[in-house]
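**Student:** Can you keep this structure in mind? I'll have questions shortly.
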Amino acid sequence: MHYLATLVGRGDGPDVEPGSAEFAAEVQKYEAFEANAGAAIVGGGPLYPVDTAVNIRHTGGRTLITDGPFTEQAEVVGGFIVFDCKDLDDAIQLARQTPAAEQGAVELRPMIQWQSQGLPGADWWLALLWERPENVIAPGTPEWDPAVGLHQEFGTAAAAALRGSGAVQPPTTATTVRVRDGRLLLTDGPFAESEVVDGLYMFVANDQAEATGIAARIPCGETGRVELRRLVDLEE
């Protein structure tokens, strides 16, 4: 089973810029973790700092685009990993070994669907789909099939640019993993209460303007938003 591990840190912490000594040290930690995890890691990547984000909302028939972080969140996503595990217990044992578990938190969610085409390159972007927990559409409900249909239409229209996508189970299935002073701390539910990740897309674009145009076409409800972030190319 696939699990989405969302790597979370404090929004008021210092940004670690790609190319800096601090970023290189962090990458080394994750390389060691990935070497131990092996084939259990089937996707993911680090993100550029949240102050480079673009947030997109659709409300009242208008599309609203704002630069920078979403200020209502105390925590921000610094990257993600997709695990292929037998069960949640195995996913927790992997998540507890990530540097993010000691420095912040790791939210684990079972995935409904995951697909990816290779490793992120310099022109890859991530669109995180956020929604209020009470408005998340669950599989098996009357709203599910129409929502899937809208995403299939987007997938067809953006097929040339798309490089991956993922859908997750409702936030009630989440487990938040933290490690403090060597102790494993587990919390049922997502890391944030106001909004939860409801899915993701990865795609290629030449620049932020082109990426924003693609992300603005992603379906999301009146209470949802799309957070656009550039993925870090670790081969640069």
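Residues in the structure tokens are named by chain (A, B, ... in the order shown) and by number from 1 within that chain; ligands are numbered from 1 in the order shown.
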Taking only residues of segment 28-70 of chain A that have an atom at most 12 Å from an atom of segment 218-228 of chain A, what is each one's shortest atom pair and its distance in Å to one decimal, using only C-alpha atoms, in chain and number order, as CSV?
**Tutor:**
```
residue,atom,partner,partner_atom,distance
A:Leu47,CA,A:Leu228,CA,10.1
A:Tyr48,CA,A:Leu228,CA,10.3
A:Pro49,CA,A:Leu228,CA,11.3
A:Val50,CA,A:Leu228,CA,9.5
A:Asp51,CA,A:Leu228,CA,11.0
A:Thr52,CA,A:Leu228,CA,8.8
A:Ala53,CA,A:Leu228,CA,5.6
A:Val54,CA,A:Leu228,CA,5.0
A:Asn55,CA,A:Glu227,CA,4.6
A:Ile56,CA,A:Val226,CA,5.0
A:Arg57,CA,A:Arg225,CA,4.8
A:His58,CA,A:Glu222,CA,5.8
A:Thr59,CA,A:Glu222,CA,5.2
A:Gly60,CA,A:Glu222,CA,7.8
A:Gly61,CA,A:Glu222,CA,9.2
A:Arg62,CA,A:Glu222,CA,10.1
A:Thr63,CA,A:Arg225,CA,10.2
A:Leu64,CA,A:Arg225,CA,9.6
A:Ile65,CA,A:Val226,CA,9.5
A:Thr66,CA,A:Glu227,CA,9.8
A:Asp67,CA,A:Leu228,CA,9.5
A:Gly68,CA,A:Glu227,CA,9.6
A:Pro69,CA,A:Glu227,CA,8.6
A:Phe70,CA,A:Glu227,CA,8.4
```
**Student:** Pull N, CA and C atoms from the residues just selected and write them as a compact mmCIF listing (two decimals), in the first residue's frame.
**Tutor:**
```txt
# COMPACT_ATOMS: atom_id res chain seq x y z
N LEU A 47 11.10 20.71 -1.38
CA LEU A 47 10.49 21.86 -2.03
C LEU A 47 11.29 23.13 -1.75
N TYR A 48 11.22 24.07 -2.68
CA TYR A 48 11.80 25.39 -2.42
C TYR A 48 11.04 26.04 -1.26
N PRO A 49 11.67 26.99 -0.56
CA PRO A 49 11.05 27.60 0.63
C PRO A 49 9.65 28.12 0.36
N VAL A 50 8.85 28.14 1.41
CA VAL A 50 7.43 28.46 1.28
C VAL A 50 7.22 29.91 0.86
N ASP A 51 8.21 30.78 1.05
CA ASP A 51 8.01 32.17 0.61
C ASP A 51 8.00 32.30 -0.90
N THR A 52 8.34 31.20 -1.63
CA THR A 52 8.26 31.20 -3.09
C THR A 52 6.93 30.63 -3.59
N ALA A 53 6.05 30.26 -2.69
CA ALA A 53 4.80 29.60 -3.06
C ALA A 53 3.85 30.55 -3.78
N VAL A 54 2.95 29.94 -4.54
CA VAL A 54 1.81 30.65 -5.13
C VAL A 54 0.56 29.92 -4.68
N ASN A 55 -0.43 30.68 -4.17
CA ASN A 55 -1.70 30.08 -3.72
C ASN A 55 -2.82 30.51 -4.65
N ILE A 56 -3.65 29.53 -5.01
CA ILE A 56 -4.71 29.74 -6.00
C ILE A 56 -6.03 29.30 -5.40
N ARG A 57 -7.01 30.19 -5.48
CA ARG A 57 -8.37 29.88 -5.03
C ARG A 57 -9.36 30.20 -6.14
N HIS A 58 -10.46 29.45 -6.15
CA HIS A 58 -11.56 29.72 -7.07
C HIS A 58 -12.80 30.04 -6.23
N THR A 59 -13.25 31.27 -6.30
CA THR A 59 -14.38 31.67 -5.48
C THR A 59 -15.25 32.67 -6.23
N GLY A 60 -16.56 32.47 -6.15
CA GLY A 60 -17.49 33.39 -6.79
C GLY A 60 -17.27 33.52 -8.28
N GLY A 61 -16.81 32.43 -8.91
CA GLY A 61 -16.56 32.48 -10.35
C GLY A 61 -15.26 33.15 -10.73
N ARG A 62 -14.45 33.55 -9.75
CA ARG A 62 -13.17 34.21 -10.02
C ARG A 62 -12.02 33.33 -9.54
N THR A 63 -10.87 33.50 -10.17
CA THR A 63 -9.66 32.83 -9.74
C THR A 63 -8.76 33.85 -9.06
N LEU A 64 -8.42 33.60 -7.79
CA LEU A 64 -7.59 34.52 -7.02
C LEU A 64 -6.21 33.90 -6.84
N ILE A 65 -5.16 34.64 -7.23
CA ILE A 65 -3.79 34.14 -7.16
C ILE A 65 -2.99 35.07 -6.27
N THR A 66 -2.33 34.51 -5.24
CA THR A 66 -1.51 35.30 -4.33
C THR A 66 -0.14 34.66 -4.18
N ASP A 67 0.88 35.51 -4.10
CA ASP A 67 2.24 35.02 -3.92
C ASP A 67 2.55 34.88 -2.43
N GLY A 68 3.44 33.93 -2.13
CA GLY A 68 3.91 33.77 -0.76
C GLY A 68 3.15 32.71 0.01
N PRO A 69 3.53 32.52 1.27
CA PRO A 69 2.93 31.45 2.08
C PRO A 69 1.49 31.77 2.44
N PHE A 70 0.78 30.73 2.82
CA PHE A 70 -0.58 30.89 3.32
C PHE A 70 -0.47 31.20 4.81
```
**Student:** Need the shell around segment 171-183 of chain A: protein/DNA/RNA residues with any atom at most 8 Å away, counting only C-alpha atoms. Skip same-chain ones fewer than 5 positions apart. Format as a PyMOL selection string?
**Tutor:** chain A and resi 92+95-96+101-102+104-110+133+188-191+196
**Student:** Do a neighbour search on Gly9 of chain A at 9 Å with only C-alpha atoms, toss out local chain neighbours closer than 6 positions, and write the hits as a PyMOL selection string.
**Tutor:** chain A and resi 74-78+100+103-106
**Student:** Would you compute the distance between atom CA of Glu26 of chain A and atom CA of Val8 of chain A? Give it in Å to one decimal.
**Tutor:** 14.0 Å
**Student:** Measuring atom to atom with only C-alpha atoms, identify which of A:Leu126, A:Ala147, A:Leu185, A:Ala37 is nearest to Ser165 of chain A.
**Tutor:** A:Leu126
**Student:** Step one, run DSSP on the backbone; step two, keep only residues of segment 43-150 of chain A assigned to alpha helix (DSSP H); then write them as a list in words.
**Tutor:**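 Selecting the alpha helix (DSSP H) positions of segment 43-150 of chain A gives Leu88, Asp89, Asp90, Ala91, Ile92, Gln93, Leu94, Ala95, Pro99, Ala100, Ala101, Glu102, Gln103, Trp144, Asp145, Pro146, Ala147, Val148, Gly149 and Leu150 of chain A.
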**Student:** Between A:Pro99, A:Gly121, A:Arg230, A:Gln115, which residue has the minimum interatomic distance to Gln28 of chain A, considering only C-alpha atoms?
**Tutor:** A:Pro99
**Student:** Check the smallest atom-to-atom distance from each of A:Val168, A:Phe154, A:Tyr3, A:Glu195 to Ala91 of chain A using only C-alpha atoms, then report the winner.
**Tutor:**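 Among the listed residues, the smallest separation from Ala91 of chain A belongs to A:Tyr3.
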**Student:** Go through A:Ala122, A:Leu7, A:Ala21, A:Val197 one by one, measure the shortest atom-to-atom distance of each to Thr98 of chain A using only C-alpha atoms, and give the residue with the smallest value.
**Tutor:** A:Leu7
**Student:** Closest to Leu4 of chain A among A:Ala167, A:Ala39, A:Val136, A:Leu119, using only C-alpha atoms?
**Tutor:**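 Distance minimum relative to Leu4 of chain A lands on A:Ala167.
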**Student:** Please return, as a count of residues only, all residues of segment 79-208 of chain A that DSSP assigns to strand (DSSP E) on the basis of the backbone.
**Tutor:** 54
